[in-house]
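For reference, the structure is listed below as structure tokens.
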Amino acid sequence: MLDDQAMVRMRNARIGDVDAFISYQKGSEAFAAAHSDLEHVSGALADANRYFDQVLEVAPRLTWVRLKRADLAGHVLFEYAAGFHPESYPGEGAELLRILQEQYSGAWESARPGAERAMVEVERAIFSDDWSGLAARLNQALSGDQCLEGNWIHQVGSGLGHADRVVSFNRRNLRCDPLSGFSYMVFANALVWDGKPEDALQALDDAEALGVTVPFKRDMRMLALLAAGWFDEDAEAYTAPPGSLYPLPDRLLLEARAGDPDRARKISEAYLAGPGASDWTSVMAAAAVGNRQAANAAAARIDGRAGGPFMLVIGSSLCFCGAPFDLSATPNFAARLNESGFFWPPRKVIDFPLKTW
């Protein structure tokens with residue numbers, strides 16, 4: 001039997017079958033857990049998708065379930081475009097993009113006209129070579145009054161000048177589902193982008209008080225602390241565990257933000273020369289210490305891969321440091337921005353003194 005709170009969540013989710021709702025809950029829990037370990041996120045999302053498939057058998061028109069289900073292919077593309085797997089075979093990125101387009105087309109067909117369909121269009125477009133009018137579609141997606149959890153739309157909106165609207169968007173989502181760890185994660189992220197890091201820290205504390213597991217909570221807390229200037233408030237926040245969203249050397253970002261500049265540069269140089277550095281983490285590790293040449297080189301490699309523009313906009317939104325690379329180094333990404341209507345560069349939410357551009 002479901003308790004009264006669960007029944008409310010079931011109605012808000014528009015699921016009329018109890019067994020399907022239980023599968024939805026289990027899938028959502030697995031989805032949130034998957035996003036707590038970047039090293040194993042793809043395998044964990046496959047587990048979540050087994051539950052989502054059970055939901056879609058009963059309620060095939062649940063758009064947000066389809067969006068969550070597409071996240072597996074999205075993360076595999078993320079890993080490919082970011083350079084996590086240099087052994088990837090030729091054509092893998094193009095195949096992943098094809099799969100994503102198919103999955104998003106299915107979500108679009110099930111979506112309600114208006115904000116829900118616009119949200120699917122935004123997420124589908126970032127995995128394409130055509131970003132025409134993307135900013136206008138994002139505005140429409142964020143303007144609805146219904147609960148639409150979404151997925152990648154939060155990073156795109158927050159990092160490209162719409163953080164205040166993403167904050168409002170997620171306040172509404174949390175009213176509909178106050179136990180959504182994913183919504184708390186993207187809510188905290190958007191609050192940092194909106195210049196309210198103290199509110200982001202409070203949101204994470206609120207989630208903990210409710211017993212909600214927030215994906216990448218350590219990372220969200222670290223970013224809020226850096227943005228707020230509370231550098232010694234929580235030493236554990238600067239120690240990256242395995243599977244962290246920021247698999248950089250411990251304390252690199254803290255040293256670059258308010259520590260020893262020479263130490264920050266040495267940590268960055270050692271990381272960039274090591275075998276474990278992906279291209280997207282290399283962009284951030286280089287930009288934070290003002291190594292423009294290395295940041296541009298890594299960004300250029302990403303730009304040349306299928307899904308590169310998607311990876312660069314997500315990577316930029318996770319840096320919080322303004323433009324972490326020059327657009328001249330990323331012509332494919334620059335072309336997508338030019339047709340999108342988005343403003344560039346992002347503002348510096350976290351001011352790394354060594355980064356002078």
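Every chain in the structure tokens has a letter given in the order shown (A, B, ...), and although residue numbers restart at 1 in each chain, ligands are simply numbered from 1 in the order shown.
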Contacts of Phe182 in chain A at 8 Å or less, counting only C-alpha atoms, minus same-chain residues fewer than 4 places along, as a PyMOL selection string?
chain A and resi 32+186+214-215
Which residues are near range 161-177 of chain A? Cut-off 10 Å, only C-alpha atoms, ignore same chain within fewer than 6 positions. Put them as a ChimeraX atom specification.
/A:5-6,8-13,135,138-139,141-150,153-155,183-195,342-347
Considering only C-alpha atoms, can you say which of A:Asp250, A:Glu339, A:Asp205, A:Asp351 comes closest to Gly133 in chain A?
A:Glu339
Applying 6 Å and only C-alpha atoms, which residues near range 42-46 of chain A remain after dropping the ones on its own chain fewer than 2 positions away? List them as a ChimeraX atom specification.
/A:31,34,40,48-49,72
Please dump the current selection as a PDB file, in the first residue's frame; keep N, CA, C and O atoms.
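Result file out_7.pdb:
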ATOM      1  N   PHE A  31      18.140   6.085 -10.810  1.00  0.00           N
ATOM      2  CA  PHE A  31      18.607   7.202 -11.635  1.00  0.00           C
ATOM      3  C   PHE A  31      19.426   8.163 -10.785  1.00  0.00           C
ATOM      4  O   PHE A  31      20.509   8.610 -11.181  1.00  0.00           O
ATOM      5  N   ALA A  34      22.722   6.593  -9.716  1.00  0.00           N
ATOM      6  CA  ALA A  34      23.673   6.536 -10.832  1.00  0.00           C
ATOM      7  C   ALA A  34      24.463   7.824 -10.957  1.00  0.00           C
ATOM      8  O   ALA A  34      25.646   7.821 -11.319  1.00  0.00           O
ATOM      9  N   HIS A  40      30.817   5.076 -12.889  1.00  0.00           N
ATOM     10  CA  HIS A  40      29.959   3.925 -13.160  1.00  0.00           C
ATOM     11  C   HIS A  40      28.543   4.333 -13.542  1.00  0.00           C
ATOM     12  O   HIS A  40      27.624   3.529 -13.441  1.00  0.00           O
ATOM     13  N   ALA A  48      18.474   1.489 -14.007  1.00  0.00           N
ATOM     14  CA  ALA A  48      17.311   2.378 -13.919  1.00  0.00           C
ATOM     15  C   ALA A  48      16.385   2.183 -15.114  1.00  0.00           C
ATOM     16  O   ALA A  48      15.150   2.196 -14.980  1.00  0.00           O
ATOM     17  N   ASN A  49      16.964   1.985 -16.289  1.00  0.00           N
ATOM     18  CA  ASN A  49      16.151   1.854 -17.497  1.00  0.00           C
ATOM     19  C   ASN A  49      15.270   0.607 -17.492  1.00  0.00           C
ATOM     20  O   ASN A  49      14.212   0.575 -18.127  1.00  0.00           O
ATOM     21  N   LEU A  72      20.939   7.415 -20.527  1.00  0.00           N
ATOM     22  CA  LEU A  72      22.015   6.434 -20.670  1.00  0.00           C
ATOM     23  C   LEU A  72      22.834   6.732 -21.924  1.00  0.00           C
ATOM     24  O   LEU A  72      24.067   6.845 -21.861  1.00  0.00           O
TER      25      LEU A  72
END
Give me, as a short mmCIF file (atom, residue, chain, number, x, y, z; two decimals) with N, CA, C and O atoms, in the first residue's frame, all polymer residues having an atom no more than 6 Å from range 63-71 of chain A, counting only C-alpha atoms and skipping those fewer than 4 positions away in the same chain.
data_model
loop_
_atom_site.label_atom_id
_atom_site.label_comp_id
_atom_site.auth_asym_id
_atom_site.auth_seq_id
_atom_site.Cartn_x
_atom_site.Cartn_y
_atom_site.Cartn_z
N ASN A 49 16.96 1.98 -16.29
CA ASN A 49 16.15 1.85 -17.50
C ASN A 49 15.27 0.61 -17.49
O ASN A 49 14.21 0.57 -18.13
N ALA A 107 10.08 10.74 -27.40
CA ALA A 107 9.63 11.61 -26.32
C ALA A 107 8.84 12.79 -26.87
O ALA A 107 7.84 13.21 -26.28
N SER A 110 5.26 11.89 -27.63
CA SER A 110 4.41 11.69 -26.46
C SER A 110 4.18 12.97 -25.67
O SER A 110 3.30 13.03 -24.81
N ALA A 111 4.97 14.02 -25.94
CA ALA A 111 4.91 15.25 -25.15
C ALA A 111 3.65 16.05 -25.46
O ALA A 111 3.16 16.08 -26.59
#
Just want the 7 Å neighbourhood of Ala306 in chain A, counted on only C-alpha atoms, with same-chain residues fewer than 6 positions away dropped. Output as a PDB file with N, CA, C and O atoms, in the first residue's frame.
ATOM      1  N   ALA A  81      32.553  12.154 -26.070  1.00  0.00           N
ATOM      2  CA  ALA A  81      32.930  13.497 -26.494  1.00  0.00           C
ATOM      3  C   ALA A  81      33.939  14.129 -25.549  1.00  0.00           C
ATOM      4  O   ALA A  81      34.783  14.932 -25.962  1.00  0.00           O
ATOM      5  N   GLY A  93      30.537   7.913 -31.971  1.00  0.00           N
ATOM      6  CA  GLY A  93      29.798   9.124 -31.633  1.00  0.00           C
ATOM      7  C   GLY A  93      28.596   9.337 -32.527  1.00  0.00           C
ATOM      8  O   GLY A  93      27.511   9.692 -32.044  1.00  0.00           O
ATOM      9  N   ALA A  94      28.763   9.119 -33.817  1.00  0.00           N
ATOM     10  CA  ALA A  94      27.652   9.289 -34.750  1.00  0.00           C
ATOM     11  C   ALA A  94      26.530   8.298 -34.451  1.00  0.00           C
ATOM     12  O   ALA A  94      25.343   8.639 -34.541  1.00  0.00           O
TER      13      ALA A  94
END
Using only C-alpha atoms, which of A:Leu312, A:Leu38, A:Val58, A:Ala227 sits nearest Ser244 in chain A?
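Between A:Leu312, A:Leu38, A:Val58, A:Ala227, the residue approaching Ser244 in chain A most closely is A:Leu38.
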Among range 191-296 of chain A, which residues carry a DSSP assignment of alpha helix (DSSP H), reported as an MDAnalysis selection string?
chainID A and resid 191:193 197:209 217:228 252:258 261:273 279:287 292:296
Which neighbours of Val122 in chain A fall inside 9 Å, counting only C-alpha atoms, when residues of the same chain fewer than 3 positions from it are skipped, and could you give them as a ChimeraX atom specification?
/A:117-119,125-126,131,134-135,137-138,141,152-153,156
